[in-house]
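Encoded as structure tokens, the structure appears first; notes follow it.
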Amino acid sequence: MRILIIEDEIKVANALREGLEKEHYDVTVAGTGEEGFFLASQRSFDLLLLDLMLPRRDGIDVLATLRKCGNQTPILVVTAKDAVEDRVIGLDQGADDYLTKPFAFSELLARIRALLRRGRMDQILKLQHEDLEMDLITHKVSRGAQSLDLTTKEFDLLEYLLRHSGRVVSREMLAHDVWHATARATPLDNVIDVTIARLRRKIDERYETKLLHTVRGLGYLLSGRQG
């Protein structure tokens with residue numbers, strides 16, 4: 001599960017990251033509201049932990065703008081603002097839950113688990129990056145208005161890339177998680193490269209904006225811009 005922490009207090013952010021990573025969550029930290037909004041808009045997360053008093057863009061503005069843009073990622077507001085009116089404003093702007101500082105880490109974990117269990121059905125059943133969409137129930141994939149015909153392995157590969165959009169995935173990761181190989185082998189590297197090439201033709205060849213990039217020496221990146 002991927003969690004984005006938007007928190008400007010470095011000690012708090014680091015403590016949250018360390019605690020959540022020990023619970024096997026994949027954690028990204030943003031130190032300003034503007035950075036947090038950018039990351040939440042460009043990448044796929046399962047949950048956002050959002051402080052309200054942030055530099056460069058306050059948390060309520062981040063929350064309200066994300067919701068106006070159609071982002072339905074569950075958002076847990078974590079803040080020192082404990083007045084009733086602050087909680088009401090946060091919830092009215094689209095927050096899914098509200099936790100005031102200081103708090104017990106065990107309570108934070110319980111609230112995170114509750115939100116992830118509840119989830120959002122459209123996020124659970126559909127994956128999207130820019131205009132590339134995947135329906136996990138019907139196994140339909142489209143880019144814009146165009147349906148894409150993928151093989152089973154191409155579908156599995158694209159699903160993995162969508163779940164890791166914005167991050168470089170290595171051949172080792174693909175070999176282990178998509179091909180379920182227990183040991184690396186050069187022939188498998190060749191198979192991965194060929195499958196990547198076929199997938200790239202299908203999702204990028206007819207479109208001006210290229211989404212699937214090769215990062216030399218590192219692996220592959222699904223992103224609207226290379227690098």
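Residues are referred to by chain and number: the chain letter is A, B, ... according to the order shown in the structure tokens, the number counts from 1 in that chain, and ligands are numbered separately from 1 in the order shown.
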Problem set entry | Shell of 8 Å around region 174-178 of chain A, only C-alpha atoms, local chain residues under 2 positions omitted, as an MDAnalysis selection string | chainID A and resid 156:157 160 169:172 180:182 184 188:189 192
Exercise. If you count only C-alpha atoms, which residues fall within 8 Å of His213 (chain A), apart from same-chain ones fewer than 3 positions away, as a PyMOL selection string?
Worked result: chain A and resi 210+220-223+226
Problem set entry | Every residue of region 98-198 of chain A that DSSP places in helix (DSSP H, G or I), as a PyMOL selection string | chain A and resi 105-118+121-125+152-163+171-177+186-198
Kindly save the residues from that selection, with C-alpha atoms included, as a PDB file, in the first residue's frame.
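Just written: result25.pdb:
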```pdb
ATOM      1  CA  PHE A 105       0.677   5.778  16.751  1.00  0.00           C
ATOM      2  CA  SER A 106      -1.498   2.713  17.350  1.00  0.00           C
ATOM      3  CA  GLU A 107      -4.595   4.854  16.801  1.00  0.00           C
ATOM      4  CA  LEU A 108      -3.141   6.242  13.579  1.00  0.00           C
ATOM      5  CA  LEU A 109      -2.521   2.691  12.338  1.00  0.00           C
ATOM      6  CA  ALA A 110      -6.076   1.682  13.236  1.00  0.00           C
ATOM      7  CA  ARG A 111      -7.528   4.626  11.331  1.00  0.00           C
ATOM      8  CA  ILE A 112      -5.308   3.895   8.331  1.00  0.00           C
ATOM      9  CA  ARG A 113      -6.414   0.252   8.294  1.00  0.00           C
ATOM     10  CA  ALA A 114     -10.059   1.303   8.523  1.00  0.00           C
ATOM     11  CA  LEU A 115      -9.737   3.716   5.591  1.00  0.00           C
ATOM     12  CA  LEU A 116      -7.853   1.206   3.459  1.00  0.00           C
ATOM     13  CA  ARG A 117     -10.470  -1.470   4.200  1.00  0.00           C
ATOM     14  CA  ARG A 118     -13.223   0.918   3.247  1.00  0.00           C
ATOM     15  CA  MET A 121     -14.302   1.002  -5.261  1.00  0.00           C
ATOM     16  CA  ASP A 122     -13.326   2.944  -8.356  1.00  0.00           C
ATOM     17  CA  GLN A 123      -9.692   2.979  -7.233  1.00  0.00           C
ATOM     18  CA  ILE A 124      -9.691  -0.687  -6.292  1.00  0.00           C
ATOM     19  CA  LEU A 125     -11.216  -1.808  -9.574  1.00  0.00           C
ATOM     20  CA  THR A 152      -2.275 -11.683 -20.723  1.00  0.00           C
ATOM     21  CA  LYS A 153       1.387 -10.999 -19.953  1.00  0.00           C
ATOM     22  CA  GLU A 154       1.219  -7.489 -21.405  1.00  0.00           C
ATOM     23  CA  PHE A 155      -1.813  -6.827 -19.199  1.00  0.00           C
ATOM     24  CA  ASP A 156       0.015  -8.105 -16.104  1.00  0.00           C
ATOM     25  CA  LEU A 157       3.058  -6.004 -16.973  1.00  0.00           C
ATOM     26  CA  LEU A 158       1.007  -2.850 -17.531  1.00  0.00           C
ATOM     27  CA  GLU A 159      -0.901  -3.401 -14.283  1.00  0.00           C
ATOM     28  CA  TYR A 160       2.410  -3.566 -12.420  1.00  0.00           C
ATOM     29  CA  LEU A 161       3.675  -0.407 -14.133  1.00  0.00           C
ATOM     30  CA  LEU A 162       0.429   1.426 -13.349  1.00  0.00           C
ATOM     31  CA  ARG A 163       0.664   0.440  -9.691  1.00  0.00           C
ATOM     32  CA  ARG A 171      14.178  -5.974 -14.452  1.00  0.00           C
ATOM     33  CA  GLU A 172      14.706  -7.662 -11.087  1.00  0.00           C
ATOM     34  CA  MET A 173      11.363  -6.346  -9.831  1.00  0.00           C
ATOM     35  CA  LEU A 174       9.572  -7.427 -13.010  1.00  0.00           C
ATOM     36  CA  ALA A 175      11.219 -10.848 -13.004  1.00  0.00           C
ATOM     37  CA  HIS A 176      10.176 -11.456  -9.406  1.00  0.00           C
ATOM     38  CA  ASP A 177       6.731  -9.834  -9.327  1.00  0.00           C
ATOM     39  CA  THR A 186      19.661 -13.676 -19.109  1.00  0.00           C
ATOM     40  CA  PRO A 187      16.985 -15.260 -21.361  1.00  0.00           C
ATOM     41  CA  LEU A 188      14.309 -13.863 -19.035  1.00  0.00           C
ATOM     42  CA  ASP A 189      15.828 -10.383 -19.386  1.00  0.00           C
ATOM     43  CA  ASN A 190      15.369 -10.757 -23.132  1.00  0.00           C
ATOM     44  CA  VAL A 191      11.742 -11.822 -22.683  1.00  0.00           C
ATOM     45  CA  ILE A 192      11.094  -8.808 -20.450  1.00  0.00           C
ATOM     46  CA  ASP A 193      12.652  -6.444 -22.990  1.00  0.00           C
ATOM     47  CA  VAL A 194      10.601  -7.915 -25.846  1.00  0.00           C
ATOM     48  CA  THR A 195       7.368  -7.683 -23.843  1.00  0.00           C
ATOM     49  CA  ILE A 196       8.161  -4.089 -22.882  1.00  0.00           C
ATOM     50  CA  ALA A 197       8.760  -3.238 -26.552  1.00  0.00           C
ATOM     51  CA  ARG A 198       5.436  -4.776 -27.595  1.00  0.00           C
TER      52      ARG A 198
END
```
Hey, could you make a per-residue contact list for region 75-99 of chain A against region 64-70 of chain A with 9 Å as the cut-off, showing the nearest pair of atoms and its distance in Å to one decimal, counting only C-alpha atoms, sorted by chain and number, as CSV?
```
residue,atom,partner,partner_atom,distance
A:Gly90,CA,A:Ala64,CA,8.7
A:Gln93,CA,A:Ala64,CA,5.3
A:Gly94,CA,A:Arg67,CA,6.6
A:Ala95,CA,A:Ala64,CA,8.8
```
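For the pair CA of Met1 (chain A) and CA of Arg56 (chain A), the separation is 27.5 Å.
Among the candidate residues A:Ser41, A:Thr28, A:Ile6, A:Leu20, the one lying nearest to Asp58 (chain A) is A:Ile6, with distances computed using only C-alpha atoms.
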Problem set entry | Residue neighbourhood Leu16 (chain A), 10 Å, only C-alpha atoms, exclusion window fewer than 2 positions, as a list in words | Ile5, Glu7, Ile10, Lys11, Val12, Ala13, Asn14, Glu18, Gly19, Leu20, Glu21, Lys22, Val27, Val29, Leu49, Phe105 and Leu108 of chain A
Exercise. What is the distance between CA of Glu85 (chain A) and CA of Glu34 (chain A), in Å to one decimal?
Worked result: 24.1 Å
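Using only C-alpha atoms, the protein and nucleic acid residues lying no more than 10 Å from Arg57 (chain A), apart from those fewer than 3 places from it along its own chain, are A:Thr32, A:Gly33, A:Glu34, A:Glu35, A:Gly36, A:Phe37, A:Leu52, A:Met53, A:Leu54, A:Ile60, A:Asp61, A:Val62.
With only C-alpha atoms as the atoms that count, the residue of A:Ser142, A:Gln42, A:Thr214, A:Gln72 with the shortest distance to Arg200 (chain A) is A:Thr214.
The space between CA of Arg2 (chain A) and CA of Leu47 (chain A) spans 6.7 Å.
Residues in contact with Lys202 (chain A) at 9 Å, where only C-alpha atoms are counted and same-chain residues fewer than 3 positions away are skipped, are listed as Leu148, Asp149, Leu150, Ala197, Arg198, Leu199, Glu205 and Arg206 of chain A.
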Output the selection as a CSV table (one decimal), in the first residue's frame - C-alpha atoms for each residue.
```
chain,number,residue,atom,x,y,z
A,148,LEU,CA,-6.0,-1.5,-26.6
A,149,ASP,CA,-5.7,-5.2,-27.2
A,150,LEU,CA,-3.2,-6.7,-24.8
A,197,ALA,CA,8.8,-3.2,-26.6
A,198,ARG,CA,5.4,-4.8,-27.6
A,199,LEU,CA,3.6,-3.0,-24.8
A,205,GLU,CA,3.1,4.4,-30.9
A,206,ARG,CA,0.0,6.5,-32.0
```
